[in-house]
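Taking it in order: structure first as structure tokens, then the write-up.
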Amino acid sequence: MKKVLIALLLVLAWAGSVWASPFLVANPENITLTTGQTLTYNVTGLPPGFSATNIPADPTGTYAFALDISTLTAGSYTVTATACLNDPVQGQVCSAASSPFTFARIGAPASPANLGLSVKQ
């Protein structure tokens with residue numbers, strides 16, 4: 001019974017990750033931070049009002065950052081990113097922009113129309 005329960009939990013965990021929000025990600029940085037330093041990221045090319053500055057580094061280390069883009073409206077986007085080293089003494093120093101990355105956010109299908117009843121399928 002325990003094995004069945006564990007298998008079921010694993011399947012549910014996998015299914016949850018499949019339906020998770022889309023994230024804009026980048027490869028992790030290979031950098032050693034000293035005391036007080038932080039690493040943040042800025043993404044350009046997203047609509048006004050979409051917060052894409054001072055994105056914290058991914059705490060899992062899987063990616064440099066993971067920006068949730070599930071609330072973006074449908075459309076095509078071309079984005080670039082910069083990495084910024086924030087030092088308490090020297091301030092902020094940012095990298096050059098990454099190569100452009102283009103992606104499309106799909107929209108929902110049209111609502112069903114002309115609903116009615118029928119005697120046949």
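Lettering and numbering for the structure tokens are positional, with chains as A, B, ... in the shown order, residues counted from 1 in each chain, and ligands counted from 1 in the shown order.
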Compile the contact shell of A:Gln92 as a JSON list (two decimals) with N, CA and C atoms, in the first residue's frame: residues with an atom at most 12 Å away, counting only C-alpha atoms, same-chain residues fewer than 6 positions apart removed.
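Final file, selection18.json:
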```
[["chain", "number", "residue", "atom", "x", "y", "z"],
["A", 37, "GLN", "N", 27.53, 41.36, -1.24],
["A", 37, "GLN", "CA", 27.23, 41.43, -2.66],
["A", 37, "GLN", "C", 25.99, 40.60, -3.00],
["A", 38, "THR", "N", 25.22, 41.09, -3.95],
["A", 38, "THR", "CA", 24.08, 40.33, -4.47],
["A", 38, "THR", "C", 24.14, 40.37, -5.99],
["A", 39, "LEU", "N", 23.46, 39.43, -6.60],
["A", 39, "LEU", "CA", 23.39, 39.36, -8.05],
["A", 39, "LEU", "C", 21.93, 39.45, -8.44],
["A", 40, "THR", "N", 21.60, 40.41, -9.31],
["A", 40, "THR", "CA", 20.23, 40.55, -9.79],
["A", 40, "THR", "C", 20.26, 40.63, -11.31],
["A", 41, "TYR", "N", 19.06, 40.55, -11.91],
["A", 41, "TYR", "CA", 18.95, 40.54, -13.37],
["A", 41, "TYR", "C", 17.88, 41.52, -13.81],
["A", 54, "ASN", "N", 15.66, 44.10, -11.33],
["A", 54, "ASN", "CA", 16.14, 43.60, -10.03],
["A", 54, "ASN", "C", 15.56, 42.23, -9.69],
["A", 82, "THR", "N", 20.34, 41.46, -18.63],
["A", 82, "THR", "CA", 21.65, 41.84, -18.10],
["A", 82, "THR", "C", 21.77, 41.28, -16.69],
["A", 83, "ALA", "N", 23.00, 40.95, -16.31],
["A", 83, "ALA", "CA", 23.30, 40.52, -14.94],
["A", 83, "ALA", "C", 23.95, 41.71, -14.24],
["A", 84, "CYS", "N", 23.52, 41.97, -13.01],
["A", 84, "CYS", "CA", 24.06, 43.10, -12.27],
["A", 84, "CYS", "C", 24.62, 42.65, -10.93],
["A", 85, "LEU", "N", 25.88, 42.99, -10.71],
["A", 85, "LEU", "CA", 26.52, 42.73, -9.43],
["A", 85, "LEU", "C", 26.32, 43.97, -8.57],
["A", 86, "ASN", "N", 25.70, 43.77, -7.42],
["A", 86, "ASN", "CA", 25.41, 44.88, -6.51],
["A", 86, "ASN", "C", 26.36, 44.79, -5.32]]
```
Write down as a PyMOL selection string the residues of stretch 7-76 of chain A whose backbone DSSP state falls under strand (DSSP E or B). chain A and resi 23-25+38-44+55-56+66-68+75-76
Write a file of the selected residues as an mmCIF file, in the first residue's frame, keeping C-alpha atoms.
```cif
data_model
loop_
_atom_site.group_PDB
_atom_site.id
_atom_site.type_symbol
_atom_site.label_atom_id
_atom_site.label_comp_id
_atom_site.auth_asym_id
_atom_site.auth_seq_id
_atom_site.Cartn_x
_atom_site.Cartn_y
_atom_site.Cartn_z
ATOM 1 C CA PHE A 23 9.139 30.956 -16.766
ATOM 2 C CA LEU A 24 11.746 32.954 -18.667
ATOM 3 C CA VAL A 25 15.090 31.495 -17.533
ATOM 4 C CA THR A 38 24.083 40.330 -4.468
ATOM 5 C CA LEU A 39 23.391 39.357 -8.051
ATOM 6 C CA THR A 40 20.233 40.551 -9.789
ATOM 7 C CA TYR A 41 18.945 40.537 -13.366
ATOM 8 C CA ASN A 42 17.087 42.956 -15.603
ATOM 9 C CA VAL A 43 15.010 41.944 -18.619
ATOM 10 C CA THR A 44 14.062 44.402 -21.363
ATOM 11 C CA ILE A 55 15.045 39.990 -10.473
ATOM 12 C CA PRO A 56 16.732 37.984 -7.704
ATOM 13 C CA ALA A 66 13.330 32.387 -13.286
ATOM 14 C CA LEU A 67 10.812 35.088 -14.239
ATOM 15 C CA ASP A 68 7.148 34.039 -14.134
ATOM 16 C CA GLY A 75 1.780 38.254 -28.399
ATOM 17 C CA SER A 76 5.351 38.012 -29.607
#
```
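You will find atom CA of A:Thr80 at 21.3 Å from atom CA of A:Pro59.
Shortest atom-to-atom contact with A:Leu33 among A:Asp87, A:Ser111, A:Thr60, A:Ala74: A:Asp87, counting only C-alpha atoms.
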Here atom CA of A:Phe101 and atom CA of A:Tyr77 stand apart by 8.1 Å
